[in-house]
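Participant: I am attaching a structure below and will ask some questions about it afterwards.
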Amino acid sequence: MASSGHQVVSDMKVQNFNKGKGEANPANNSESQGDNVVVSSIKLEKIFSMKGGKGESSYANNSQAQAIHARSMLHLLKETLDSVQLSSPAVPFVAVDLGCSSGSNTIYIIDVIIEHMTKRYEALGCDPPEFSAFFSDLPSNDFNTLFQLIPPMANHGGSMEETLAADNHRSYFAAAVPGSFYRRLFPSRSVDLFHSAFSLHWLSQVPESVLDKRSAAYNKGRVFIHGANESTAIAYKKQFQTDLASFLRSRAKELKKGGSMFLVCLGRTTVDPTDESGPGLLFGTHFQDAWDDLVQEGLITSEKLDSFNIPVYASSLQDFKEVVEADGSFTINKLEIFKGGSPLVVSQPDDAAEVGRALANSCRSVAGVLVDAHIGDHLGNELFSRVEKRGTSQAKELLESQIIPYGLSFHGEARCGQQSTLPSLHLKPTCAIPHDPEFLLILCPLAMLHRIDLQPSYFWLPPLEIMLGSTRKPA
């Protein structure tokens, strides 16, 4: 669940605190002395990830909410899988999860994808192809923990049928692909399906103007876009537009003809970007208040607070649609916003202390790496202990408000002009009929290869798709 990017802050200082040391002296924070190490222009891509390992505040142990969301979206994912054109079983099927992070959610999604695609081949009387699954995230992601969770490949050297029949074994070849998904990651026309969940709201960087004291967008006193001024909101939105366009162009080149992409990210229902709904309550209220506590207690300077911002932008449906249509790399098959659930998954909601721990662990699992890089792990502990205290004292209000985020789902296909046709398929051009501004009806003949005694026969399935909110004609 991580995105990619560039600069977090300029002239960032990372402080290493040994156990047993007392409070950090804010005066020393501005100098390179003792255990302090000055690191200039740290790139987000090099340091950012969800919190790795298997500890209490790790992402692996604090991604239950994401798992619930993933299961609630399976029907939409399967709709996307049904739209993927099948090629010869002799050609491996390639699925990619972008922003995989280090928990078990990504493994579950890949299992769902492969099981569903296997059934599609079997329904045509075909043997399934071999499957390749690529788990992609930033280089700093904890791939070691992730691959410890992935079961071993079944029957090395055996048939795919034997592999699929094996219990407690995976039925695909697995590999990690470290790198920013805002750039190219795969060869041209090599991927059948891209999946990404709760990653694209992470920007490639904090907008430079947000950290510039001379700029109207300078986000003084805040660590997030929620509640910021209009200039700050514009800067965040422009960064989102730039990043998403780069993402779409990269994926359009990598996707096979007939491939599809399924995306889910944090969304908002408000027009105002500074009202970030669920993420705003999490990062813009409780997390923000904990930073203010550190300043008021003299543990950090106000300048240290001002130079930290969370690179997250929860898009509205209109924001997302505008970028997709302006870029032109993809056609929109389905774009909708849905109401998610609370990130606070607690077994005993009446236990205020558990609610407080859940809030602190949830925040730390996604933002802890950035916090520790900015103020050091010692002060990071101080910060999240205050998040926990606030969560404990406001447990009832937290559970009632639910901090419910809105999600935005996208199912799209690369425009025909971006790719060449696979040699194993015979495709007819997509045919469009006249449309009005709200409804676009497209006849999409899908070619699926079915081999019987080495003789290919082709089955044409012309489903009629109704795509809401899209006025772009197919290429």
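Ordering of the structure tokens sets the chain letters (A, B, ...), residue numbers begin anew at 1 in every chain, and ligands are numbered from 1 in the order given.
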Using DSSP assignments from the backbone, pull out every residue in range 119-305 of chain A that falls under strand (DSSP E) and give it to me as a PyMOL selection string.
Facilitator: chain A and resi 131-137+173-178+191-197+255-267
Participant: Could you pull the residues within 8 Å of His195 in chain A, counting only C-alpha atoms, minus those fewer than 5 positions along the same chain, as a list in words?
Facilitator: Ala95, Val96, Asp97, Leu98, Met261, Phe262 and Leu263 of chain A
Participant: Near Arg386 in chain A, within 12 Å and counting only C-alpha atoms, which residues show up once chain neighbours fewer than 4 positions away are dropped, as a ChimeraX atom specification?
Facilitator: /A:286-294,297,356-357,359-361,363-364,379-382,390-393
Participant: Compare A:Ala395, A:Ile68, A:Leu255, A:Leu203 by their minimum atom-to-atom distance to Phe93 in chain A, counting only C-alpha atoms, and give me the closest one.
Facilitator: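 Nearest to Phe93 in chain A: A:Leu255.
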Participant: Pull the alpha helix (DSSP H) assignments for range 106-329 of chain A out of DSSP run on the backbone, and list those residues as number ranges by chain.
Facilitator: A: 106-123, 143-149, 160-165, 230-254, 277-281, 288-296, 302-306, 317-327
Participant: Considering only C-alpha atoms, state which residue in the set A:Gln296, A:Ser302, A:Gln241, A:Thr274 is at the smallest distance from Gln318 in chain A.
Facilitator: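 The closest residue to Gln318 in chain A is A:Gln241.
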Participant: For Phe224 in chain A, which of A:Ala373, A:Val91, A:Leu124, A:Leu211 is the closest residue, counting only C-alpha atoms?
Facilitator: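 Smallest separation from Phe224 in chain A among the options: A:Leu211.
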Participant: May I have the residues within 6 Å of Ser316 in chain A as a list in words, using only C-alpha atoms and disregarding those fewer than 4 positions away in the same chain?
Facilitator: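 Selected residues are Gly267, Arg268 and Thr269 of chain A.
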Participant: Which distance in Å separates CA of Phe194 in chain A and CA of Phe131 in chain A, to one decimal?
Facilitator: 13.7 Å
Participant: So, counting only C-alpha atoms, which residue among A:Thr106, A:Gln348, A:Ser180, A:Asn229 is closest to Gln205 in chain A?
Facilitator: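 Smallest separation from Gln205 in chain A among the options: A:Ser180.
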Participant: Given only C-alpha atoms as the basis, pick out the residue of A:Ile110, A:Cys126, A:Leu266, A:Val387 nearest to His69 in chain A.
Facilitator: A:Leu266
Participant: Could you pull the residues within 7 Å of Pro178 in chain A, counting only C-alpha atoms, minus those fewer than 3 positions along the same chain, as a PyMOL selection string?
Facilitator: chain A and resi 136-139
Participant: How would the residues just picked look written out with C-alpha atoms as a compact mmCIF listing (two decimals), in the first residue's frame?
Facilitator:
# COMPACT_ATOMS: atom_id res chain seq x y z
CA SER A 136 5.57 -4.30 -6.60
CA ASP A 137 6.31 -1.53 -4.13
CA LEU A 138 9.04 0.93 -3.28
CA PRO A 139 12.57 -0.44 -2.70
Participant: Take CA of Asp350 in chain A and CA of Lys396 in chain A and report the distance between them in Å, one decimal.
Facilitator: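 CA of Lys396 in chain A lies 8.2 Å from CA of Asp350 in chain A.
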Participant: Which distance in Å separates CA of Phe181 in chain A and CA of Phe247 in chain A, to one decimal?
Facilitator: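 Going from CA of Phe181 in chain A over to CA of Phe247 in chain A covers 6.3 Å.
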Participant: Please identify all polymer residues within 12 Å of Lys119 in chain A, counting only C-alpha atoms, omitting same-chain residues fewer than 5 positions from it, and present them as a PyMOL selection string.
Facilitator: chain A and resi 78+81-82+86+112-114+124-129+164
